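Pasted below: run12.pdb, PDB, C-alpha atoms.
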MODEL        1
ATOM      1  CA  MET A   1     -76.953 125.433-161.337
ATOM      2  CA  ALA A   2     -76.249 127.461-158.248
ATOM      3  CA  ARG A   3     -78.288 125.070-156.116
ATOM      4  CA  GLN A   4     -76.490 122.068-157.687
ATOM      5  CA  GLY A   5     -73.119 123.684-156.879
ATOM      6  CA  VAL A   6     -74.155 124.094-153.286
ATOM      7  CA  ARG A   7     -75.292 120.463-153.073
ATOM      8  CA  MET A   8     -71.960 119.309-154.617
ATOM      9  CA  ALA A   9     -70.021 121.384-152.077
ATOM     10  CA  MET A  10     -72.005 119.849-149.241
ATOM     11  CA  ARG A  11     -71.412 116.357-150.570
ATOM     12  CA  GLU A  12     -67.685 117.070-150.843
ATOM     13  CA  LYS A  13     -67.606 118.026-147.116
ATOM     14  CA  MET A  14     -69.185 114.748-146.047
ATOM     15  CA  VAL A  15     -67.261 111.451-145.810
ATOM     16  CA  TRP A  16     -69.092 108.301-144.704
ATOM     17  CA  GLY A  17     -71.805 110.560-143.410
ATOM     18  CA  VAL A  18     -69.391 112.527-141.209
ATOM     19  CA  PRO A  19     -68.504 116.159-141.939
ATOM     20  CA  VAL A  20     -64.878 116.557-142.956
ATOM     21  CA  ARG A  21     -64.389 119.332-140.361
ATOM     22  CA  LEU A  22     -65.075 116.758-137.617
ATOM     23  CA  LEU A  23     -62.726 114.141-139.028
ATOM     24  CA  GLY A  24     -59.757 116.270-137.972
ATOM     25  CA  VAL A  25     -61.036 116.325-134.402
ATOM     26  CA  PHE A  26     -61.562 112.543-134.413
ATOM     27  CA  ALA A  27     -58.094 111.984-135.823
ATOM     28  CA  ALA A  28     -56.576 114.149-133.099
ATOM     29  CA  LEU A  29     -58.442 112.230-130.439
ATOM     30  CA  VAL A  30     -57.268 108.930-131.894
ATOM     31  CA  LEU A  31     -53.668 110.110-131.819
ATOM     32  CA  LEU A  32     -53.942 111.565-128.305
ATOM     33  CA  THR A  33     -55.664 108.582-126.689
ATOM     34  CA  PRO A  34     -52.526 106.385-126.432
ATOM     35  CA  LEU A  35     -50.570 109.343-125.022
ATOM     36  CA  VAL A  36     -53.216 110.093-122.410
ATOM     37  CA  ALA A  37     -53.395 106.420-121.495
ATOM     38  CA  ALA A  38     -49.617 106.243-121.193
ATOM     39  CA  CYS A  39     -49.519 109.308-118.970
ATOM     40  CA  SER A  40     -52.315 107.944-116.802
ATOM     41  CA  SER A  41     -50.492 104.634-116.553
ATOM     42  CA  LYS A  42     -47.293 106.379-115.500
ATOM     43  CA  GLN A  43     -49.129 108.419-112.884
ATOM     44  CA  ALA A  44     -50.769 105.333-111.479
ATOM     45  CA  ALA A  45     -47.487 103.427-111.457
ATOM     46  CA  ALA A  46     -45.475 106.251-109.869
ATOM     47  CA  PRO A  47     -44.482 105.096-106.370
ATOM     48  CA  ALA A  48     -45.646 107.282-103.502
ATOM     49  CA  ASP A  49     -42.978 108.614-101.140
ATOM     50  CA  ASP A  50     -43.700 106.351 -98.202
ATOM     51  CA  ARG A  51     -40.517 107.191 -96.330
ATOM     52  CA  MET A  52     -40.918 107.768 -92.611
ATOM     53  CA  LEU A  53     -40.668 111.464 -91.699
ATOM     54  CA  VAL A  54     -38.180 111.877 -88.857
ATOM     55  CA  ALA A  55     -37.344 115.217 -87.214
ATOM     56  CA  VAL A  56     -33.997 115.985 -85.561
ATOM     57  CA  SER A  57     -32.611 118.994 -83.770
ATOM     58  CA  ILE A  58     -29.083 119.531 -85.164
ATOM     59  CA  PRO A  59     -27.112 118.595 -88.324
ATOM     60  CA  PRO A  60     -24.769 115.990 -86.749
ATOM     61  CA  ILE A  61     -27.754 114.016 -85.448
ATOM     62  CA  ALA A  62     -29.487 114.451 -88.805
ATOM     63  CA  ASP A  63     -26.580 112.746 -90.542
ATOM     64  CA  MET A  64     -26.524 109.902 -88.033
ATOM     65  CA  VAL A  65     -30.225 109.303 -88.676
ATOM     66  CA  ARG A  66     -29.656 109.338 -92.445
ATOM     67  CA  GLN A  67     -26.798 106.854 -92.114
ATOM     68  CA  VAL A  68     -28.922 104.430 -90.089
ATOM     69  CA  GLY A  69     -32.278 105.099 -91.745
ATOM     70  CA  GLY A  70     -31.011 105.062 -95.329
ATOM     71  CA  GLU A  71     -33.748 105.201 -97.944
ATOM     72  CA  GLY A  72     -36.398 104.415 -95.352
ATOM     73  CA  VAL A  73     -36.425 107.898 -93.782
ATOM     74  CA  GLU A  74     -36.933 111.527 -94.706
ATOM     75  CA  VAL A  75     -35.077 113.780 -92.272
ATOM     76  CA  LEU A  76     -36.277 117.211 -91.148
ATOM     77  CA  THR A  77     -33.443 119.180 -89.502
ATOM     78  CA  LEU A  78     -34.819 121.886 -87.225
ATOM     79  CA  VAL A  79     -31.608 123.845 -86.511
ATOM     80  CA  PRO A  80     -30.184 124.607 -89.980
ATOM     81  CA  PRO A  81     -26.457 124.573 -90.798
ATOM     82  CA  GLY A  82     -24.797 127.791 -89.676
ATOM     83  CA  ALA A  83     -27.236 128.440 -86.823
ATOM     84  CA  SER A  84     -26.611 127.764 -83.144
ATOM     85  CA  PRO A  85     -28.953 125.516 -81.143
ATOM     86  CA  HIS A  86     -28.278 127.765 -78.148
ATOM     87  CA  THR A  87     -30.189 130.650 -79.766
ATOM     88  CA  TYR A  88     -32.414 129.073 -82.451
ATOM     89  CA  GLU A  89     -36.186 128.559 -82.399
ATOM     90  CA  PRO A  90     -38.225 126.490 -84.932
ATOM     91  CA  THR A  91     -40.074 128.251 -87.751
ATOM     92  CA  PRO A  92     -43.841 127.942 -88.423
ATOM     93  CA  ASP A  93     -43.147 125.781 -91.495
ATOM     94  CA  GLN A  94     -41.008 123.419 -89.429
ATOM     95  CA  MET A  95     -43.792 123.211 -86.865
ATOM     96  CA  ARG A  96     -46.270 122.211 -89.577
ATOM     97  CA  ARG A  97     -43.946 119.408 -90.676
ATOM     98  CA  LEU A  98     -43.245 118.357 -87.105
ATOM     99  CA  ALA A  99     -46.970 117.762 -86.745
ATOM    100  CA  LYS A 100     -46.599 114.983 -89.355
ATOM    101  CA  ALA A 101     -43.345 113.426 -88.109
ATOM    102  CA  LYS A 102     -43.233 109.988 -86.554
ATOM    103  CA  VAL A 103     -40.045 110.392 -84.480
ATOM    104  CA  LEU A 104     -38.219 113.407 -83.052
ATOM    105  CA  PHE A 105     -34.571 112.914 -82.067
ATOM    106  CA  LEU A 106     -33.222 115.389 -79.530
ATOM    107  CA  ASN A 107     -29.775 115.680 -77.999
ATOM    108  CA  GLY A 108     -31.102 116.685 -74.587
ATOM    109  CA  VAL A 109     -29.208 118.083 -71.575
ATOM    110  CA  GLY A 110     -30.862 121.452 -72.144
ATOM    111  CA  LEU A 111     -29.507 122.004 -75.660
ATOM    112  CA  GLU A 112     -32.975 122.261 -77.219
ATOM    113  CA  PHE A 113     -34.442 124.796 -74.801
ATOM    114  CA  TRP A 114     -37.382 125.203 -77.187
ATOM    115  CA  ALA A 115     -38.263 121.491 -77.400
ATOM    116  CA  ASP A 116     -41.104 121.254 -74.868
ATOM    117  CA  LYS A 117     -42.981 124.204 -76.348
ATOM    118  CA  ALA A 118     -42.416 122.954 -79.916
ATOM    119  CA  ILE A 119     -43.687 119.459 -79.108
ATOM    120  CA  ALA A 120     -46.787 120.839 -77.408
ATOM    121  CA  ALA A 121     -47.479 123.267 -80.270
ATOM    122  CA  ALA A 122     -47.066 120.549 -82.914
ATOM    123  CA  GLY A 123     -50.119 118.724 -81.554
ATOM    124  CA  ASN A 124     -48.830 115.368 -82.781
ATOM    125  CA  PRO A 125     -50.005 112.649 -80.364
ATOM    126  CA  ASN A 126     -48.175 109.946 -82.358
ATOM    127  CA  LEU A 127     -44.785 111.660 -82.192
ATOM    128  CA  GLN A 128     -42.134 109.529 -80.493
ATOM    129  CA  VAL A 129     -39.566 111.748 -78.764
ATOM    130  CA  VAL A 130     -36.125 110.173 -78.278
ATOM    131  CA  THR A 131     -33.476 111.957 -76.184
ATOM    132  CA  LEU A 132     -30.158 110.534 -77.323
ATOM    133  CA  SER A 133     -28.052 111.581 -74.342
ATOM    134  CA  GLU A 134     -30.182 109.657 -71.855
ATOM    135  CA  GLY A 135     -28.239 106.982 -70.002
ATOM    136  CA  GLN A 136     -24.839 108.578 -70.608
ATOM    137  CA  GLU A 137     -22.492 110.227 -68.126
ATOM    138  CA  ILE A 138     -23.096 113.982 -68.209
ATOM    139  CA  LEU A 139     -20.231 116.364 -67.495
ATOM    140  CA  GLN A 140     -21.031 119.471 -65.521
ATOM    141  CA  SER A 141     -21.094 122.884 -67.159
ATOM    142  CA  ASP A 142     -20.936 126.381 -65.685
ATOM    143  CA  ASP A 143     -23.462 127.795 -68.160
ATOM    144  CA  ASN A 144     -26.046 124.974 -68.075
ATOM    145  CA  ALA A 145     -27.578 123.629 -64.888
ATOM    146  CA  ALA A 146     -28.463 120.385 -66.670
ATOM    147  CA  GLY A 147     -24.818 119.789 -67.566
ATOM    148  CA  ASN A 148     -22.759 120.003 -70.757
ATOM    149  CA  PRO A 149     -24.889 118.933 -73.752
ATOM    150  CA  HIS A 150     -22.168 118.428 -76.401
ATOM    151  CA  LEU A 151     -21.787 114.658 -76.142
ATOM    152  CA  TRP A 152     -21.904 114.096 -79.917
ATOM    153  CA  LEU A 153     -18.482 115.735 -80.316
ATOM    154  CA  SER A 154     -16.852 112.630 -78.888
ATOM    155  CA  PRO A 155     -17.207 109.742 -81.363
ATOM    156  CA  ARG A 156     -17.264 107.373 -78.387
ATOM    157  CA  ARG A 157     -20.471 109.015 -77.185
ATOM    158  CA  ALA A 158     -21.766 109.249 -80.766
ATOM    159  CA  MET A 159     -21.691 105.454 -81.005
ATOM    160  CA  ALA A 160     -24.266 105.279 -78.212
ATOM    161  CA  TYR A 161     -26.365 107.821 -80.130
ATOM    162  CA  VAL A 162     -26.298 105.576 -83.191
ATOM    163  CA  GLU A 163     -27.424 102.557 -81.199
ATOM    164  CA  ARG A 164     -30.364 104.511 -79.769
ATOM    165  CA  ILE A 165     -31.259 105.808 -83.246
ATOM    166  CA  ARG A 166     -31.231 102.249 -84.596
ATOM    167  CA  ASP A 167     -33.494 100.979 -81.833
ATOM    168  CA  ALA A 168     -35.926 103.901 -82.158
ATOM    169  CA  LEU A 169     -36.244 103.500 -85.936
ATOM    170  CA  ILE A 170     -36.908  99.771 -85.530
ATOM    171  CA  ALA A 171     -39.591 100.510 -82.924
ATOM    172  CA  ALA A 172     -41.247 103.031 -85.248
ATOM    173  CA  ASP A 173     -40.875 100.898 -88.398
ATOM    174  CA  PRO A 174     -40.442  97.184 -87.580
ATOM    175  CA  GLU A 175     -40.548  96.231 -91.271
ATOM    176  CA  GLY A 176     -37.288  98.085 -91.843
ATOM    177  CA  GLU A 177     -35.411  96.347 -89.020
ATOM    178  CA  ALA A 178     -32.980  94.386 -91.204
ATOM    179  CA  ALA A 179     -31.927  97.480 -93.138
ATOM    180  CA  TYR A 180     -31.608  99.621 -90.022
ATOM    181  CA  ARG A 181     -29.441  97.024 -88.290
ATOM    182  CA  ALA A 182     -27.180  96.558 -91.310
ATOM    183  CA  ASN A 183     -26.778 100.306 -91.786
ATOM    184  CA  ALA A 184     -26.041 100.833 -88.098
ATOM    185  CA  ASP A 185     -23.427  98.072 -88.040
ATOM    186  CA  ALA A 186     -21.592  99.600 -91.001
ATOM    187  CA  TYR A 187     -21.752 103.079 -89.521
ATOM    188  CA  LEU A 188     -20.577 101.945 -86.083
ATOM    189  CA  ALA A 189     -17.551 100.341 -87.742
ATOM    190  CA  ALA A 190     -16.722 103.681 -89.379
ATOM    191  CA  LEU A 191     -17.067 105.469 -86.033
ATOM    192  CA  GLN A 192     -14.770 102.937 -84.378
ATOM    193  CA  GLN A 193     -12.152 103.673 -87.035
ATOM    194  CA  LEU A 194     -12.591 107.401 -86.450
ATOM    195  CA  ASP A 195     -12.117 106.872 -82.717
ATOM    196  CA  ALA A 196      -8.899 104.943 -83.347
ATOM    197  CA  ASP A 197      -7.599 107.635 -85.724
ATOM    198  CA  ILE A 198      -8.291 110.417 -83.216
ATOM    199  CA  LYS A 199      -6.563 108.490 -80.437
ATOM    200  CA  ALA A 200      -3.492 107.958 -82.610
ATOM    201  CA  ALA A 201      -3.411 111.607 -83.720
ATOM    202  CA  VAL A 202      -3.743 113.013 -80.204
ATOM    203  CA  ALA A 203      -0.826 110.844 -79.085
ATOM    204  CA  GLY A 204       1.351 112.874 -81.455
ATOM    205  CA  PHE A 205       0.200 116.356 -80.378
ATOM    206  CA  ARG A 206       2.980 118.527 -78.961
ATOM    207  CA  SER A 207       0.493 120.402 -76.766
ATOM    208  CA  ARG A 208      -2.706 119.236 -75.058
ATOM    209  CA  GLU A 209      -3.819 122.688 -73.874
ATOM    210  CA  MET A 210      -7.016 123.786 -75.570
ATOM    211  CA  VAL A 211      -8.475 127.287 -75.548
ATOM    212  CA  THR A 212     -11.913 127.108 -77.128
ATOM    213  CA  PHE A 213     -14.766 129.487 -77.841
ATOM    214  CA  HIS A 214     -16.974 127.766 -75.280
ATOM    215  CA  ALA A 215     -17.050 124.404 -73.528
ATOM    216  CA  ALA A 216     -18.416 122.489 -76.528
ATOM    217  CA  TRP A 217     -15.376 120.193 -76.634
ATOM    218  CA  ALA A 218     -15.532 119.004 -73.019
ATOM    219  CA  TYR A 219     -16.388 115.389 -73.914
ATOM    220  CA  PHE A 220     -13.778 115.231 -76.669
ATOM    221  CA  ILE A 221     -11.196 116.657 -74.271
ATOM    222  CA  HIS A 222     -12.237 114.235 -71.527
ATOM    223  CA  ASP A 223     -12.275 111.121 -73.729
ATOM    224  CA  TYR A 224      -9.015 111.761 -75.608
ATOM    225  CA  GLY A 225      -6.794 113.070 -72.817
ATOM    226  CA  LEU A 226      -6.608 116.778 -73.637
ATOM    227  CA  HIS A 227      -6.935 119.709 -71.216
ATOM    228  CA  GLN A 228      -9.362 122.651 -71.249
ATOM    229  CA  ALA A 229      -7.045 125.572 -70.463
ATOM    230  CA  ALA A 230      -9.696 128.273 -70.961
ATOM    231  CA  VAL A 231     -12.972 129.134 -72.676
ATOM    232  CA  LEU A 232     -13.655 132.497 -74.278
ATOM    233  CA  GLU A 233     -17.372 132.676 -73.544
ATOM    234  CA  SER A 234     -18.786 130.835 -70.541
ATOM    235  CA  THR A 235     -22.233 131.473 -72.055
ATOM    236  CA  PRO A 236     -22.471 131.471 -75.876
ATOM    237  CA  GLY A 237     -23.390 134.931 -77.130
ATOM    238  CA  ARG A 238     -21.975 136.774 -74.105
ATOM    239  CA  GLU A 239     -18.582 138.213 -74.964
ATOM    240  CA  PRO A 240     -15.893 138.157 -72.274
ATOM    241  CA  SER A 241     -15.311 141.272 -70.201
ATOM    242  CA  ALA A 242     -12.007 143.152 -70.264
ATOM    243  CA  ALA A 243     -10.996 141.431 -67.026
ATOM    244  CA  GLU A 244     -11.874 138.010 -68.475
ATOM    245  CA  VAL A 245      -9.894 138.751 -71.642
ATOM    246  CA  ALA A 246      -6.846 139.651 -69.557
ATOM    247  CA  GLN A 247      -7.208 136.447 -67.523
ATOM    248  CA  ILE A 248      -7.503 134.267 -70.650
ATOM    249  CA  VAL A 249      -4.439 135.897 -72.227
ATOM    250  CA  GLU A 250      -2.481 135.296 -69.024
ATOM    251  CA  THR A 251      -3.582 131.641 -68.979
ATOM    252  CA  ILE A 252      -2.581 131.097 -72.608
ATOM    253  CA  LYS A 253       0.908 132.431 -71.912
ATOM    254  CA  ALA A 254       1.224 130.510 -68.637
ATOM    255  CA  VAL A 255       0.326 127.087 -70.023
ATOM    256  CA  GLY A 256       1.797 127.633 -73.482
ATOM    257  CA  ALA A 257      -1.440 127.028 -75.367
ATOM    258  CA  PRO A 258      -0.430 127.283 -79.044
ATOM    259  CA  ALA A 259      -3.750 128.435 -80.548
ATOM    260  CA  VAL A 260      -7.222 129.827 -79.882
ATOM    261  CA  PHE A 261     -10.129 127.917 -81.407
ATOM    262  CA  ALA A 262     -13.200 129.892 -82.529
ATOM    263  CA  GLU A 263     -16.496 128.574 -83.957
ATOM    264  CA  PRO A 264     -18.136 129.426 -87.306
ATOM    265  CA  GLN A 265     -21.559 129.910 -85.696
ATOM    266  CA  PHE A 266     -20.355 132.944 -83.702
ATOM    267  CA  SER A 267     -18.337 136.084 -84.349
ATOM    268  CA  PRO A 268     -14.564 135.477 -84.129
ATOM    269  CA  GLN A 269     -13.912 139.025 -82.896
ATOM    270  CA  ALA A 270     -13.283 138.135 -79.243
ATOM    271  CA  ALA A 271     -11.118 135.171 -80.248
ATOM    272  CA  GLN A 272      -9.018 137.369 -82.525
ATOM    273  CA  VAL A 273      -8.486 140.024 -79.849
ATOM    274  CA  ILE A 274      -7.356 137.410 -77.319
ATOM    275  CA  ALA A 275      -5.151 135.586 -79.824
ATOM    276  CA  ASP A 276      -3.478 138.825 -80.892
ATOM    277  CA  GLU A 277      -2.764 139.738 -77.268
ATOM    278  CA  ALA A 278      -1.351 136.277 -76.583
ATOM    279  CA  GLY A 279       0.584 136.067 -79.850
ATOM    280  CA  VAL A 280      -1.050 132.866 -81.120
ATOM    281  CA  PRO A 281      -3.162 132.081 -84.214
ATOM    282  CA  VAL A 282      -6.930 131.659 -84.401
ATOM    283  CA  LEU A 283      -8.246 128.406 -85.871
ATOM    284  CA  ILE A 284     -11.806 127.146 -86.301
ATOM    285  CA  LEU A 285     -13.437 124.133 -84.681
ATOM    286  CA  ASP A 286     -16.950 123.442 -85.931
ATOM    287  CA  PRO A 287     -19.294 121.646 -83.497
ATOM    288  CA  LEU A 288     -22.236 121.384 -85.908
ATOM    289  CA  GLY A 289     -21.149 121.110 -89.555
ATOM    290  CA  GLY A 290     -23.794 120.467 -92.174
ATOM    291  CA  THR A 291     -21.996 122.535 -94.828
ATOM    292  CA  PRO A 292     -19.221 121.584 -97.318
ATOM    293  CA  PRO A 293     -16.607 120.255 -96.775
ATOM    294  CA  ARG A 294     -18.019 118.954 -93.482
ATOM    295  CA  GLU A 295     -21.581 117.974 -94.319
ATOM    296  CA  THR A 296     -21.563 114.529 -92.717
ATOM    297  CA  TYR A 297     -20.582 113.746 -89.139
ATOM    298  CA  LEU A 298     -17.511 111.786 -90.245
ATOM    299  CA  GLU A 299     -16.393 114.627 -92.526
ATOM    300  CA  LEU A 300     -16.988 117.109 -89.716
ATOM    301  CA  MET A 301     -14.949 115.248 -87.144
ATOM    302  CA  ARG A 302     -12.062 114.521 -89.513
ATOM    303  CA  TRP A 303     -12.000 118.197 -90.518
ATOM    304  CA  ASN A 304     -11.912 119.190 -86.837
ATOM    305  CA  LEU A 305      -9.129 116.683 -86.208
ATOM    306  CA  GLU A 306      -7.062 118.357 -88.923
ATOM    307  CA  GLN A 307      -7.668 121.762 -87.281
ATOM    308  CA  LEU A 308      -6.509 120.323 -83.962
ATOM    309  CA  ARG A 309      -3.359 118.976 -85.633
ATOM    310  CA  LYS A 310      -2.609 122.447 -86.989
ATOM    311  CA  GLY A 311      -3.290 124.153 -83.671
ATOM    312  CA  LEU A 312      -1.724 121.719 -81.224
ATOM    313  CA  GLY A 313       1.297 120.777 -83.284
ATOM    314  CA  GLY A 314       0.412 117.298 -84.465
ATOM    315  CA  THR A 315       2.075 115.493 -87.346
ATOM    316  CA  PRO A 316       0.113 115.648 -90.647
TER     317      PRO A 316
ENDMDL
END

Full structure transcribed into structure tokens:
Amino acid sequence: MARQGVRMAMREKMVWGVPVRLLGVFAALVLLTPLVAACSSKQAAAPADDRMLVAVSIPPIADMVRQVGGEGVEVLTLVPPGASPHTYEPTPDQMRRLAKAKVLFLNGVGLEFWADKAIAAAGNPNLQVVTLSEGQEILQSDDNAAGNPHLWLSPRRAMAYVERIRDALIAADPEGEAAYRANADAYLAALQQLDADIKAAVAGFRSREMVTFHAAWAYFIHDYGLHQAAVLESTPGREPSAAEVAQIVETIKAVGAPAVFAEPQFSPQAAQVIADEAGVPVLILDPLGGTPPRETYLELMRWNLEQLRKGLGGTP
């Protein structure tokens, strides 16, 4: 009887010649197969990120490239928001990515003092280096033998940057030409409107005397009919001496400059000391942006225009 019970138990654990303990495994496999197939199908169908990797030096240029490149580009910004291109050097991680980039957009005129070494270290023979300031009139600068590099702060000069960006992206990716041209046309129209708005605003300023942290606004001042009364630091990072502070204060009082403009990338201490001595307020002009509420170039320049209105007595 015992042997018969064992045989009955064995028969009860067999179904169609397959042990019951294995049927659970088979059932699980049957249920999982469609899921695995679906996942595999999704992985195979997932589009690869085939955007063109483009490196740029500073945030304003990064935004211009995004506006023209649209969905066709991935932008690597080497100088992060809040840092100054006058003192910054690329990180090892940025260098690794630069080795894979197809285009590198630089401002030029000595702004990216680290560029030659970075390009050589990247070891990227296919990298196309485009210097956006080439072909433009360069204003002289006391602290830079190559001239003043801050052309992008005049929208009139920025339009030439956009045209060079468009042409470089088309050369690097001919298949995207139609999109790049359409994007550039729309963006140039927006820059033309910005230029017109700045011209109209400046016409209403009660003062045209600008005292700035350094000579970053030379092209803006030149193109829109303002006057550089004084700069706080002839070389960014070198605070003015006591004699220079006294001279700047005297100039502010003599010309009636209504404000001192500092920059968020540097300490405002010297600006505050001078402003207090002269009896005028300190306001901020941002040459680089990249942070809210001035992430894009258009946002940056309209924000700066509002600061100029406050400082120079323009109508809101």

Please, which residues are within 12 Å of (-40.0, 108.7, -94.5) by the file's coordinates, counting all atoms listed in the file, and could they come as a count of residues only? 26

Please identify all polymer residues within 12 Å of Ala203 of chain A, counting only C-alpha atoms, omitting same-chain residues fewer than 5 positions from it, and present them as a PyMOL selection string. chain A and resi 196-198+208+224-226+309+312-315

So that I have them on file, write out the residues from the current selection with C-alpha atoms, as a PDB file, in the frame of the given file.
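selection-v3.pdb was written with the following content:
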ATOM      1  CA  ALA A 196      -8.899 104.943 -83.347  1.00  0.00           C
ATOM      2  CA  ASP A 197      -7.599 107.635 -85.724  1.00  0.00           C
ATOM      3  CA  ILE A 198      -8.291 110.417 -83.216  1.00  0.00           C
ATOM      4  CA  ARG A 208      -2.706 119.236 -75.058  1.00  0.00           C
ATOM      5  CA  TYR A 224      -9.015 111.761 -75.608  1.00  0.00           C
ATOM      6  CA  GLY A 225      -6.794 113.070 -72.817  1.00  0.00           C
ATOM      7  CA  LEU A 226      -6.608 116.778 -73.637  1.00  0.00           C
ATOM      8  CA  ARG A 309      -3.359 118.976 -85.633  1.00  0.00           C
ATOM      9  CA  LEU A 312      -1.724 121.719 -81.224  1.00  0.00           C
ATOM     10  CA  GLY A 313       1.297 120.777 -83.284  1.00  0.00           C
ATOM     11  CA  GLY A 314       0.412 117.298 -84.465  1.00  0.00           C
ATOM     12  CA  THR A 315       2.075 115.493 -87.346  1.00  0.00           C
TER      13      THR A 315
END

The PyMOL selection byres ((chain A and resi 180-182) around 7) on the file shown: which residues, as a ChimeraX atom specification? /A:68-69,166,170,176-179,183-186

With only C-alpha atoms as the counted atoms, please give the residues lying no more than 10 Å from Tyr187 of chain A, apart from itself and same-chain residues fewer than 5 positions off, as number ranges by chain. A: 64, 67-68, 159, 162, 181-182, 192-193, 298

Which segment 71-147 of chain A residues have any atom within 9 Å of an atom of segment 260-266 of chain A, and for each, what is the nearest pair of atoms with distance in Å to one decimal, counting only C-alpha atoms, rows sorted by chain and number, as CSV?
residue,atom,partner,partner_atom,distance
A:Pro81,CA,A:Gln265,CA,8.9
A:Gly82,CA,A:Gln265,CA,5.6
A:Ala83,CA,A:Gln265,CA,6.0
A:Ser84,CA,A:Gln265,CA,6.1

Could you check which of A:Ile284, A:Ile221, A:Ala259, A:Ala278 is closest to Val245 of chain A, using all atoms listed in the file? A:Ala278

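Residues matching the PyMOL selection byres ((chain A and resi 281) around 12) in this structure come to A:Val211, A:Ile252, A:Ala257, A:Pro258, A:Ala259, A:Val260, A:Phe261, A:Ala262, A:Pro268, A:Ala271, A:Gln272, A:Val273, A:Ile274, A:Ala275, A:Asp276, A:Glu277, A:Ala278, A:Gly279, A:Val280, A:Val282, A:Leu283, A:Ile284, A:Gln307, A:Lys310, A:Gly311, A:Leu312.
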
Do you know which residues the PyMOL selection byres ((chain A and resi 291) around 12) returns on this file, as a count of residues only? 23

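Between atom CA of Ala160 of chain A and atom CA of Ala215 of chain A there is a distance of 21.0 Å.
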
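Straight-line separation from atom CA of Glu163 of chain A to atom CA of Leu151 of chain A: 14.3 Å.
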
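Atom CA of Glu134 of chain A to atom CA of Gly237 of chain A spans 26.7 Å [interatomic distance, one decimal].
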
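All residues of protein, DNA or RNA that reach within 9 Å of Trp152 of chain A, judged by all atoms listed in the file and not counting those fewer than 6 positions away in the chain, are Pro60, Ile61, Asn107, Ser133, Ala158, Met159, Tyr161, Tyr219, Phe220 and Pro287 of chain A.
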
May I have the residues within 7 Å of Ile58 of chain A as a list in words, using all atoms listed in the file and disregarding those fewer than 6 positions away in the same chain? Thr77, Leu78 and Val79 of chain A
